[in-house]
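Okay, query_32.pdb now, which holds PDB, N, CA and C atoms:
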ATOM      1  N   MET A 280      26.910  15.995  39.138
ATOM      2  CA  MET A 280      25.976  14.908  39.274
ATOM      3  C   MET A 280      26.652  13.602  39.713
ATOM      4  N   VAL A 281      27.972  13.584  39.799
ATOM      5  CA  VAL A 281      28.672  12.378  40.229
ATOM      6  C   VAL A 281      29.047  12.524  41.698
ATOM      7  N   ALA A 282      28.717  11.516  42.479
ATOM      8  CA  ALA A 282      29.032  11.532  43.904
ATOM      9  C   ALA A 282      30.214  10.612  44.170
ATOM     10  N   ARG A 283      30.968  10.942  45.162
ATOM     11  CA  ARG A 283      32.128  10.126  45.517
ATOM     12  C   ARG A 283      31.692   8.797  46.152
ATOM     13  N   ARG A 284      30.641   8.846  46.952
ATOM     14  CA  ARG A 284      30.131   7.645  47.614
ATOM     15  C   ARG A 284      28.630   7.548  47.374
ATOM     16  N   LEU A 285      28.192   6.499  46.719
ATOM     17  CA  LEU A 285      26.777   6.313  46.397
ATOM     18  C   LEU A 285      26.086   5.323  47.332
ATOM     19  N   PHE A 286      26.792   4.255  47.671
ATOM     20  CA  PHE A 286      26.225   3.223  48.527
ATOM     21  C   PHE A 286      27.362   2.434  49.167
ATOM     22  N   GLU A 287      26.991   1.593  50.118
ATOM     23  CA  GLU A 287      27.970   0.745  50.795
ATOM     24  C   GLU A 287      27.418  -0.668  50.884
ATOM     25  N   ILE A 288      28.278  -1.652  50.664
ATOM     26  CA  ILE A 288      27.942  -3.049  50.909
ATOM     27  C   ILE A 288      28.787  -3.475  52.101
ATOM     28  N   ARG A 289      28.134  -4.003  53.123
ATOM     29  CA  ARG A 289      28.852  -4.379  54.348
ATOM     30  C   ARG A 289      28.250  -5.647  54.941
ATOM     31  N   TRP A 290      28.995  -6.252  55.853
ATOM     32  CA  TRP A 290      28.563  -7.461  56.540
ATOM     33  C   TRP A 290      27.727  -7.079  57.752
ATOM     34  N   ASN A 291      26.531  -7.687  57.871
ATOM     35  CA  ASN A 291      25.675  -7.489  59.037
ATOM     36  C   ASN A 291      25.922  -8.674  59.959
ATOM     37  N   GLU A 292      26.696  -8.451  60.993
ATOM     38  CA  GLU A 292      27.100  -9.521  61.917
ATOM     39  C   GLU A 292      25.891 -10.161  62.594
ATOM     40  N   GLN A 293      24.922  -9.367  62.957
ATOM     41  CA  GLN A 293      23.747  -9.865  63.666
ATOM     42  C   GLN A 293      22.934 -10.845  62.805
ATOM     43  N   ARG A 294      22.794 -10.540  61.513
ATOM     44  CA  ARG A 294      22.001 -11.390  60.614
ATOM     45  C   ARG A 294      22.853 -12.349  59.787
ATOM     46  N   GLN A 295      24.193 -12.228  59.901
ATOM     47  CA  GLN A 295      25.123 -13.091  59.176
ATOM     48  C   GLN A 295      24.898 -13.049  57.662
ATOM     49  N   ARG A 296      24.666 -11.833  57.160
ATOM     50  CA  ARG A 296      24.455 -11.613  55.721
ATOM     51  C   ARG A 296      25.008 -10.249  55.349
ATOM     52  N   HIS A 297      25.289 -10.083  54.047
ATOM     53  CA  HIS A 297      25.686  -8.767  53.548
ATOM     54  C   HIS A 297      24.447  -7.906  53.364
ATOM     55  N   GLU A 298      24.650  -6.608  53.433
ATOM     56  CA  GLU A 298      23.564  -5.657  53.200
ATOM     57  C   GLU A 298      24.097  -4.487  52.394
ATOM     58  N   VAL A 299      23.201  -3.781  51.735
ATOM     59  CA  VAL A 299      23.563  -2.601  50.963
ATOM     60  C   VAL A 299      22.814  -1.413  51.555
ATOM     61  N   GLN A 300      23.520  -0.290  51.698
ATOM     62  CA  GLN A 300      22.885   0.932  52.194
ATOM     63  C   GLN A 300      23.119   2.053  51.204
ATOM     64  N   ASP A 301      22.024   2.714  50.847
ATOM     65  CA  ASP A 301      22.071   3.881  49.978
ATOM     66  C   ASP A 301      22.531   5.086  50.805
ATOM     67  N   TYR A 302      23.325   5.962  50.203
ATOM     68  CA  TYR A 302      23.795   7.161  50.899
ATOM     69  C   TYR A 302      22.950   8.402  50.607
ATOM     70  N   GLY A 303      21.831   8.217  49.906
ATOM     71  CA  GLY A 303      20.910   9.332  49.718
ATOM     72  C   GLY A 303      21.324  10.326  48.646
ATOM     73  N   GLN A 304      21.925   9.862  47.573
ATOM     74  CA  GLN A 304      22.322  10.748  46.479
ATOM     75  C   GLN A 304      21.140  10.987  45.534
ATOM     76  N   ILE A 305      21.333  11.869  44.563
ATOM     77  CA  ILE A 305      20.270  12.211  43.621
ATOM     78  C   ILE A 305      19.838  10.994  42.810
ATOM     79  N   TYR A 306      20.791  10.175  42.355
ATOM     80  CA  TYR A 306      20.489   8.999  41.554
ATOM     81  C   TYR A 306      20.753   7.751  42.385
ATOM     82  N   PRO A 307      19.707   7.189  42.992
ATOM     83  CA  PRO A 307      19.919   6.032  43.868
ATOM     84  C   PRO A 307      20.194   4.752  43.082
ATOM     85  N   PRO A 308      20.908   3.835  43.697
ATOM     86  CA  PRO A 308      21.067   2.523  43.068
ATOM     87  C   PRO A 308      19.741   1.772  43.148
ATOM     88  N   SER A 309      19.611   0.744  42.328
ATOM     89  CA  SER A 309      18.424  -0.099  42.415
ATOM     90  C   SER A 309      18.860  -1.514  42.757
ATOM     91  N   LEU A 310      17.994  -2.212  43.445
ATOM     92  CA  LEU A 310      18.236  -3.605  43.807
ATOM     93  C   LEU A 310      17.131  -4.424  43.171
ATOM     94  N   ASN A 311      17.511  -5.276  42.219
ATOM     95  CA  ASN A 311      16.550  -6.097  41.478
ATOM     96  C   ASN A 311      15.486  -5.240  40.796
ATOM     97  N   GLY A 312      15.917  -4.091  40.273
ATOM     98  CA  GLY A 312      15.017  -3.225  39.523
ATOM     99  C   GLY A 312      14.220  -2.227  40.341
ATOM    100  N   GLU A 313      14.325  -2.279  41.668
ATOM    101  CA  GLU A 313      13.604  -1.349  42.535
ATOM    102  C   GLU A 313      14.588  -0.358  43.154
ATOM    103  N   PRO A 314      14.402   0.947  42.908
ATOM    104  CA  PRO A 314      15.324   1.930  43.494
ATOM    105  C   PRO A 314      15.308   1.875  45.025
ATOM    106  N   LEU A 315      16.474   2.016  45.618
ATOM    107  CA  LEU A 315      16.548   2.135  47.070
ATOM    108  C   LEU A 315      16.098   3.539  47.456
ATOM    109  N   THR A 316      15.402   3.660  48.554
ATOM    110  CA  THR A 316      15.006   4.985  49.031
ATOM    111  C   THR A 316      16.184   5.600  49.775
ATOM    112  N   PRO A 317      16.237   6.928  49.869
ATOM    113  CA  PRO A 317      17.369   7.573  50.553
ATOM    114  C   PRO A 317      17.628   6.987  51.939
ATOM    115  N   LYS A 318      18.880   6.617  52.154
ATOM    116  CA  LYS A 318      19.381   6.068  53.420
ATOM    117  C   LYS A 318      18.867   4.664  53.721
ATOM    118  N   GLU A 319      18.155   4.028  52.776
ATOM    119  CA  GLU A 319      17.611   2.689  52.998
ATOM    120  C   GLU A 319      18.720   1.641  53.057
ATOM    121  N   CYS A 320      18.483   0.620  53.858
ATOM    122  CA  CYS A 320      19.411  -0.491  54.000
ATOM    123  C   CYS A 320      18.632  -1.776  53.747
ATOM    124  N   ARG A 321      19.147  -2.641  52.837
ATOM    125  CA  ARG A 321      18.485  -3.914  52.532
ATOM    126  C   ARG A 321      19.492  -5.054  52.582
ATOM    127  N   LEU A 322      19.031  -6.200  53.066
ATOM    128  CA  LEU A 322      19.856  -7.401  53.069
ATOM    129  C   LEU A 322      19.985  -7.924  51.647
ATOM    130  N   LEU A 323      21.133  -8.522  51.332
ATOM    131  CA  LEU A 323      21.363  -9.092  50.010
ATOM    132  C   LEU A 323      21.183 -10.603  50.055
ATOM    133  N   SER A 324      20.660 -11.141  48.961
ATOM    134  CA  SER A 324      20.514 -12.585  48.782
ATOM    135  C   SER A 324      21.250 -12.985  47.514
ATOM    136  N   VAL A 325      21.694 -14.230  47.448
ATOM    137  CA  VAL A 325      22.382 -14.731  46.264
ATOM    138  C   VAL A 325      21.488 -14.514  45.044
ATOM    139  N   GLY A 326      22.075 -13.937  43.999
ATOM    140  CA  GLY A 326      21.340 -13.658  42.769
ATOM    141  C   GLY A 326      20.825 -12.242  42.663
ATOM    142  N   ASP A 327      20.855 -11.478  43.766
ATOM    143  CA  ASP A 327      20.422 -10.075  43.711
ATOM    144  C   ASP A 327      21.317  -9.291  42.768
ATOM    145  N   VAL A 328      20.732  -8.318  42.079
ATOM    146  CA  VAL A 328      21.480  -7.463  41.160
ATOM    147  C   VAL A 328      21.340  -6.018  41.608
ATOM    148  N   LEU A 329      22.476  -5.407  41.915
ATOM    149  CA  LEU A 329      22.545  -4.006  42.308
ATOM    150  C   LEU A 329      22.985  -3.215  41.088
ATOM    151  N   ALA A 330      22.251  -2.165  40.739
ATOM    152  CA  ALA A 330      22.582  -1.378  39.551
ATOM    153  C   ALA A 330      22.650   0.099  39.892
ATOM    154  N   ILE A 331      23.617   0.777  39.269
ATOM    155  CA  ILE A 331      23.731   2.231  39.357
ATOM    156  C   ILE A 331      24.197   2.702  37.986
ATOM    157  N   GLY A 332      23.365   3.481  37.333
ATOM    158  CA  GLY A 332      23.676   3.913  35.975
ATOM    159  C   GLY A 332      23.791   2.716  35.053
ATOM    160  N   VAL A 333      24.882   2.635  34.302
ATOM    161  CA  VAL A 333      25.088   1.521  33.365
ATOM    162  C   VAL A 333      25.829   0.351  34.011
ATOM    163  N   PHE A 334      26.156   0.448  35.286
ATOM    164  CA  PHE A 334      26.926  -0.576  35.983
ATOM    165  C   PHE A 334      26.017  -1.482  36.808
ATOM    166  N   THR A 335      26.306  -2.778  36.794
ATOM    167  CA  THR A 335      25.559  -3.732  37.616
ATOM    168  C   THR A 335      26.529  -4.630  38.369
ATOM    169  N   VAL A 336      26.095  -5.055  39.538
ATOM    170  CA  VAL A 336      26.857  -5.979  40.367
ATOM    171  C   VAL A 336      25.893  -7.082  40.785
ATOM    172  N   GLU A 337      26.263  -8.343  40.491
ATOM    173  CA  GLU A 337      25.422  -9.462  40.920
ATOM    174  C   GLU A 337      26.048 -10.083  42.162
ATOM    175  N   TYR A 338      25.227 -10.299  43.178
ATOM    176  CA  TYR A 338      25.682 -10.888  44.426
ATOM    177  C   TYR A 338      25.688 -12.405  44.259
ATOM    178  N   VAL A 339      26.866 -13.021  44.370
ATOM    179  CA  VAL A 339      27.013 -14.458  44.175
ATOM    180  C   VAL A 339      27.637 -15.105  45.402
ATOM    181  N   ASP A 340      27.482 -16.402  45.501
ATOM    182  CA  ASP A 340      28.103 -17.198  46.551
ATOM    183  C   ASP A 340      29.232 -17.980  45.890
ATOM    184  N   LEU A 341      30.460 -17.541  46.071
ATOM    185  CA  LEU A 341      31.595 -18.178  45.406
ATOM    186  C   LEU A 341      31.803 -19.619  45.848
ATOM    187  N   SER A 342      31.398 -19.952  47.053
ATOM    188  CA  SER A 342      31.569 -21.338  47.487
ATOM    189  C   SER A 342      30.719 -22.276  46.646
ATOM    190  N   ARG A 343      29.614 -21.798  46.100
ATOM    191  CA  ARG A 343      28.766 -22.611  45.219
ATOM    192  C   ARG A 343      29.278 -22.556  43.784
ATOM    193  N   ASP A 344      29.805 -21.423  43.368
ATOM    194  CA  ASP A 344      30.194 -21.214  41.975
ATOM    195  C   ASP A 344      31.493 -21.911  41.608
ATOM    196  N   VAL A 345      32.343 -22.227  42.569
ATOM    197  CA  VAL A 345      33.641 -22.806  42.243
ATOM    198  C   VAL A 345      33.740 -24.287  42.589
ATOM    199  N   VAL A 346      32.617 -24.925  42.836
ATOM    200  CA  VAL A 346      32.632 -26.353  43.145
ATOM    201  C   VAL A 346      33.261 -27.110  41.990
ATOM    202  N   GLY A 347      34.249 -27.889  42.289
ATOM    203  CA  GLY A 347      34.924 -28.676  41.255
ATOM    204  C   GLY A 347      36.052 -27.934  40.566
ATOM    205  N   ALA A 348      36.198 -26.646  40.828
ATOM    206  CA  ALA A 348      37.274 -25.891  40.198
ATOM    207  C   ALA A 348      38.556 -26.081  40.986
ATOM    208  N   SER A 349      39.670 -26.082  40.324
ATOM    209  CA  SER A 349      40.955 -26.193  41.015
ATOM    210  C   SER A 349      41.621 -24.834  41.022
ATOM    211  N   ILE A 350      42.284 -24.559  42.115
ATOM    212  CA  ILE A 350      42.945 -23.250  42.269
ATOM    213  C   ILE A 350      44.441 -23.450  42.243
TER
END

Structure encoded using structure tokens:
Amino acid sequence: MVARRLFEIRWNEQRQRHEVQDYGQIYPPSLNGEPLTPKECRLLSVGDVLAIGVFTVEYVDLSRDVVGASI
């Protein structure tokens, strides 16, 4: 029941945004609580939450999150 590749997050050069694509496995990831359909591709927006099983990934804009922070 475990797949080596479940989904991909990549840069969409044409739209200048990241997108997520499902690879069509038995247990699809969900984006903001809605399961992706097999082979579906959706653009990501700041604050989106991608979940698969017990794992979640929140899409953030680090340029906004580190304002005032020193490196």

Members of chain A assigned strand (DSSP E) by DSSP, as a list in words: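 Strand (DSSP E) members of chain A, listed: Phe286, Glu287, Ile288, Arg289, Trp290, Asn291, Arg296, His297, Glu298, Val299, Gln300, Asp301, Ser309, Leu310, Glu313, Pro314, Cys320, Arg321, Leu322, Val328, Leu329, Ala330, Ile331, Phe334, Thr335, Val336 and Glu337 of chain A.
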
Output the selection as a PDB file, keeping the file's coordinate frame - N, CA and C atoms for each residue.
ATOM      1  N   PHE A 286      26.792   4.255  47.671  1.00  0.00           N
ATOM      2  CA  PHE A 286      26.225   3.223  48.527  1.00  0.00           C
ATOM      3  C   PHE A 286      27.362   2.434  49.167  1.00  0.00           C
ATOM      4  N   GLU A 287      26.991   1.593  50.118  1.00  0.00           N
ATOM      5  CA  GLU A 287      27.970   0.745  50.795  1.00  0.00           C
ATOM      6  C   GLU A 287      27.418  -0.668  50.884  1.00  0.00           C
ATOM      7  N   ILE A 288      28.278  -1.652  50.664  1.00  0.00           N
ATOM      8  CA  ILE A 288      27.942  -3.049  50.909  1.00  0.00           C
ATOM      9  C   ILE A 288      28.787  -3.475  52.101  1.00  0.00           C
ATOM     10  N   ARG A 289      28.134  -4.003  53.123  1.00  0.00           N
ATOM     11  CA  ARG A 289      28.852  -4.379  54.348  1.00  0.00           C
ATOM     12  C   ARG A 289      28.250  -5.647  54.941  1.00  0.00           C
ATOM     13  N   TRP A 290      28.995  -6.252  55.853  1.00  0.00           N
ATOM     14  CA  TRP A 290      28.563  -7.461  56.540  1.00  0.00           C
ATOM     15  C   TRP A 290      27.727  -7.079  57.752  1.00  0.00           C
ATOM     16  N   ASN A 291      26.531  -7.687  57.871  1.00  0.00           N
ATOM     17  CA  ASN A 291      25.675  -7.489  59.037  1.00  0.00           C
ATOM     18  C   ASN A 291      25.922  -8.674  59.959  1.00  0.00           C
ATOM     19  N   ARG A 296      24.666 -11.833  57.160  1.00  0.00           N
ATOM     20  CA  ARG A 296      24.455 -11.613  55.721  1.00  0.00           C
ATOM     21  C   ARG A 296      25.008 -10.249  55.349  1.00  0.00           C
ATOM     22  N   HIS A 297      25.289 -10.083  54.047  1.00  0.00           N
ATOM     23  CA  HIS A 297      25.686  -8.767  53.548  1.00  0.00           C
ATOM     24  C   HIS A 297      24.447  -7.906  53.364  1.00  0.00           C
ATOM     25  N   GLU A 298      24.650  -6.608  53.433  1.00  0.00           N
ATOM     26  CA  GLU A 298      23.564  -5.657  53.200  1.00  0.00           C
ATOM     27  C   GLU A 298      24.097  -4.487  52.394  1.00  0.00           C
ATOM     28  N   VAL A 299      23.201  -3.781  51.735  1.00  0.00           N
ATOM     29  CA  VAL A 299      23.563  -2.601  50.963  1.00  0.00           C
ATOM     30  C   VAL A 299      22.814  -1.413  51.555  1.00  0.00           C
ATOM     31  N   GLN A 300      23.520  -0.290  51.698  1.00  0.00           N
ATOM     32  CA  GLN A 300      22.885   0.932  52.194  1.00  0.00           C
ATOM     33  C   GLN A 300      23.119   2.053  51.204  1.00  0.00           C
ATOM     34  N   ASP A 301      22.024   2.714  50.847  1.00  0.00           N
ATOM     35  CA  ASP A 301      22.071   3.881  49.978  1.00  0.00           C
ATOM     36  C   ASP A 301      22.531   5.086  50.805  1.00  0.00           C
ATOM     37  N   SER A 309      19.611   0.744  42.328  1.00  0.00           N
ATOM     38  CA  SER A 309      18.424  -0.099  42.415  1.00  0.00           C
ATOM     39  C   SER A 309      18.860  -1.514  42.757  1.00  0.00           C
ATOM     40  N   LEU A 310      17.994  -2.212  43.445  1.00  0.00           N
ATOM     41  CA  LEU A 310      18.236  -3.605  43.807  1.00  0.00           C
ATOM     42  C   LEU A 310      17.131  -4.424  43.171  1.00  0.00           C
ATOM     43  N   GLU A 313      14.325  -2.279  41.668  1.00  0.00           N
ATOM     44  CA  GLU A 313      13.604  -1.349  42.535  1.00  0.00           C
ATOM     45  C   GLU A 313      14.588  -0.358  43.154  1.00  0.00           C
ATOM     46  N   PRO A 314      14.402   0.947  42.908  1.00  0.00           N
ATOM     47  CA  PRO A 314      15.324   1.930  43.494  1.00  0.00           C
ATOM     48  C   PRO A 314      15.308   1.875  45.025  1.00  0.00           C
ATOM     49  N   CYS A 320      18.483   0.620  53.858  1.00  0.00           N
ATOM     50  CA  CYS A 320      19.411  -0.491  54.000  1.00  0.00           C
ATOM     51  C   CYS A 320      18.632  -1.776  53.747  1.00  0.00           C
ATOM     52  N   ARG A 321      19.147  -2.641  52.837  1.00  0.00           N
ATOM     53  CA  ARG A 321      18.485  -3.914  52.532  1.00  0.00           C
ATOM     54  C   ARG A 321      19.492  -5.054  52.582  1.00  0.00           C
ATOM     55  N   LEU A 322      19.031  -6.200  53.066  1.00  0.00           N
ATOM     56  CA  LEU A 322      19.856  -7.401  53.069  1.00  0.00           C
ATOM     57  C   LEU A 322      19.985  -7.924  51.647  1.00  0.00           C
ATOM     58  N   VAL A 328      20.732  -8.318  42.079  1.00  0.00           N
ATOM     59  CA  VAL A 328      21.480  -7.463  41.160  1.00  0.00           C
ATOM     60  C   VAL A 328      21.340  -6.018  41.608  1.00  0.00           C
ATOM     61  N   LEU A 329      22.476  -5.407  41.915  1.00  0.00           N
ATOM     62  CA  LEU A 329      22.545  -4.006  42.308  1.00  0.00           C
ATOM     63  C   LEU A 329      22.985  -3.215  41.088  1.00  0.00           C
ATOM     64  N   ALA A 330      22.251  -2.165  40.739  1.00  0.00           N
ATOM     65  CA  ALA A 330      22.582  -1.378  39.551  1.00  0.00           C
ATOM     66  C   ALA A 330      22.650   0.099  39.892  1.00  0.00           C
ATOM     67  N   ILE A 331      23.617   0.777  39.269  1.00  0.00           N
ATOM     68  CA  ILE A 331      23.731   2.231  39.357  1.00  0.00           C
ATOM     69  C   ILE A 331      24.197   2.702  37.986  1.00  0.00           C
ATOM     70  N   PHE A 334      26.156   0.448  35.286  1.00  0.00           N
ATOM     71  CA  PHE A 334      26.926  -0.576  35.983  1.00  0.00           C
ATOM     72  C   PHE A 334      26.017  -1.482  36.808  1.00  0.00           C
ATOM     73  N   THR A 335      26.306  -2.778  36.794  1.00  0.00           N
ATOM     74  CA  THR A 335      25.559  -3.732  37.616  1.00  0.00           C
ATOM     75  C   THR A 335      26.529  -4.630  38.369  1.00  0.00           C
ATOM     76  N   VAL A 336      26.095  -5.055  39.538  1.00  0.00           N
ATOM     77  CA  VAL A 336      26.857  -5.979  40.367  1.00  0.00           C
ATOM     78  C   VAL A 336      25.893  -7.082  40.785  1.00  0.00           C
ATOM     79  N   GLU A 337      26.263  -8.343  40.491  1.00  0.00           N
ATOM     80  CA  GLU A 337      25.422  -9.462  40.920  1.00  0.00           C
ATOM     81  C   GLU A 337      26.048 -10.083  42.162  1.00  0.00           C
TER      82      GLU A 337
END

Non-local contacts of segment 288-297 of chain A (8 Å; all atoms listed in the file; under 5 positions in same chain excluded) as a list in words: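 Close residues of segment 288-297 of chain A: Arg321, Leu322, Leu323 and Ser324 of chain A.
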
Go ahead and save the residues from that selection, with N, CA and C atoms, as a tab-separated table (two decimals), keeping the file's coordinate frame.
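Written output follows (part-v6.tsv):
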chain	number	residue	atom	x	y	z
A	321	ARG	N	19.15	-2.64	52.84
A	321	ARG	CA	18.48	-3.91	52.53
A	321	ARG	C	19.49	-5.05	52.58
A	322	LEU	N	19.03	-6.20	53.07
A	322	LEU	CA	19.86	-7.40	53.07
A	322	LEU	C	19.98	-7.92	51.65
A	323	LEU	N	21.13	-8.52	51.33
A	323	LEU	CA	21.36	-9.09	50.01
A	323	LEU	C	21.18	-10.60	50.06
A	324	SER	N	20.66	-11.14	48.96
A	324	SER	CA	20.51	-12.58	48.78
A	324	SER	C	21.25	-12.98	47.51

Nearest residue to Gln300 of chain A from the set A:Pro314, A:Arg283, A:Phe334, A:Cys320 (distances using all atoms listed in the file):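 Between A:Pro314, A:Arg283, A:Phe334, A:Cys320, the residue approaching Gln300 of chain A most closely is A:Cys320.
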
Explicit residues for the PyMOL selection byres ((chain A and resi 329) around 8) (as a PyMOL selection string): chain A and resi 308-312+326-328+330-332+334-338

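Of the listed residues A:Val333, A:Val325, A:Leu341, A:Leu285, the one whose atoms come nearest to Pro307 of chain A is A:Leu285, with distances taken using only N, CA and C atoms.
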
Enclose all atoms of segment 289-299 of chain A listed in the file in an axis-aligned box, grow every side by 6 Å, and hand back centre and edge lengths in Å to one decimal, as JSON.
{"center_x": 25.5, "center_y": -7.3, "center_z": 57.3, "size_x": 19.0, "size_y": 23.7, "size_z": 24.7}

Atom CA of Thr316 of chain A to atom C of Arg284 of chain A, straight-line distance in Å: 14.0 Å

Filtering to C-alpha atoms, could segment 299-342 of chain A of the supplied structure be written out as a PDB file, in the first residue's frame?
ATOM      1  CA  VAL A 299       1.161  19.879  -7.244  1.00  0.00           C
ATOM      2  CA  GLN A 300       0.404  16.835  -9.392  1.00  0.00           C
ATOM      3  CA  ASP A 301      -1.032  13.582  -8.114  1.00  0.00           C
ATOM      4  CA  TYR A 302       0.535  10.412  -9.551  1.00  0.00           C
ATOM      5  CA  GLY A 303      -2.687   8.406  -9.377  1.00  0.00           C
ATOM      6  CA  GLN A 304      -1.983   6.121  -6.415  1.00  0.00           C
ATOM      7  CA  ILE A 305      -4.616   4.312  -4.339  1.00  0.00           C
ATOM      8  CA  TYR A 306      -4.480   6.912  -1.536  1.00  0.00           C
ATOM      9  CA  PRO A 307      -4.383  10.378  -3.107  1.00  0.00           C
ATOM     10  CA  PRO A 308      -3.093  13.439  -1.308  1.00  0.00           C
ATOM     11  CA  SER A 309      -5.572  16.152  -0.425  1.00  0.00           C
ATOM     12  CA  LEU A 310      -5.213  19.878  -0.924  1.00  0.00           C
ATOM     13  CA  ASN A 311      -7.054  21.961   1.674  1.00  0.00           C
ATOM     14  CA  GLY A 312      -9.144  18.934   2.614  1.00  0.00           C
ATOM     15  CA  GLU A 313     -10.173  17.989  -0.940  1.00  0.00           C
ATOM     16  CA  PRO A 314      -8.603  14.827  -2.414  1.00  0.00           C
ATOM     17  CA  LEU A 315      -6.802  15.294  -5.710  1.00  0.00           C
ATOM     18  CA  THR A 316      -8.223  13.184  -8.516  1.00  0.00           C
ATOM     19  CA  PRO A 317      -5.865  10.739 -10.265  1.00  0.00           C
ATOM     20  CA  LYS A 318      -3.266  12.595 -12.346  1.00  0.00           C
ATOM     21  CA  GLU A 319      -4.783  15.983 -11.370  1.00  0.00           C
ATOM     22  CA  CYS A 320      -2.571  19.057 -11.283  1.00  0.00           C
ATOM     23  CA  ARG A 321      -3.437  22.141  -9.171  1.00  0.00           C
ATOM     24  CA  LEU A 322      -1.697  25.458  -8.625  1.00  0.00           C
ATOM     25  CA  LEU A 323      -0.601  26.203  -5.056  1.00  0.00           C
ATOM     26  CA  SER A 324      -1.344  29.401  -3.145  1.00  0.00           C
ATOM     27  CA  VAL A 325       0.239  30.662   0.070  1.00  0.00           C
ATOM     28  CA  GLY A 326      -1.479  28.957   3.001  1.00  0.00           C
ATOM     29  CA  ASP A 327      -2.527  25.828   1.081  1.00  0.00           C
ATOM     30  CA  VAL A 328      -2.154  22.591   3.038  1.00  0.00           C
ATOM     31  CA  LEU A 329      -1.209  19.382   1.244  1.00  0.00           C
ATOM     32  CA  ALA A 330      -1.877  16.210   3.244  1.00  0.00           C
ATOM     33  CA  ILE A 331      -1.094  12.538   2.711  1.00  0.00           C
ATOM     34  CA  GLY A 332      -1.877  10.147   5.529  1.00  0.00           C
ATOM     35  CA  VAL A 333      -0.735  11.683   8.826  1.00  0.00           C
ATOM     36  CA  PHE A 334       1.701  14.076   7.104  1.00  0.00           C
ATOM     37  CA  THR A 335       0.914  17.668   6.115  1.00  0.00           C
ATOM     38  CA  VAL A 336       2.856  20.304   4.222  1.00  0.00           C
ATOM     39  CA  GLU A 337       1.845  23.972   4.339  1.00  0.00           C
ATOM     40  CA  TYR A 338       2.828  26.118   1.369  1.00  0.00           C
ATOM     41  CA  VAL A 339       4.399  29.341   2.684  1.00  0.00           C
ATOM     42  CA  ASP A 340       6.115  32.393   1.242  1.00  0.00           C
ATOM     43  CA  LEU A 341       9.428  32.640   3.092  1.00  0.00           C
ATOM     44  CA  SER A 342      10.035  36.170   1.873  1.00  0.00           C
TER      45      SER A 342
END
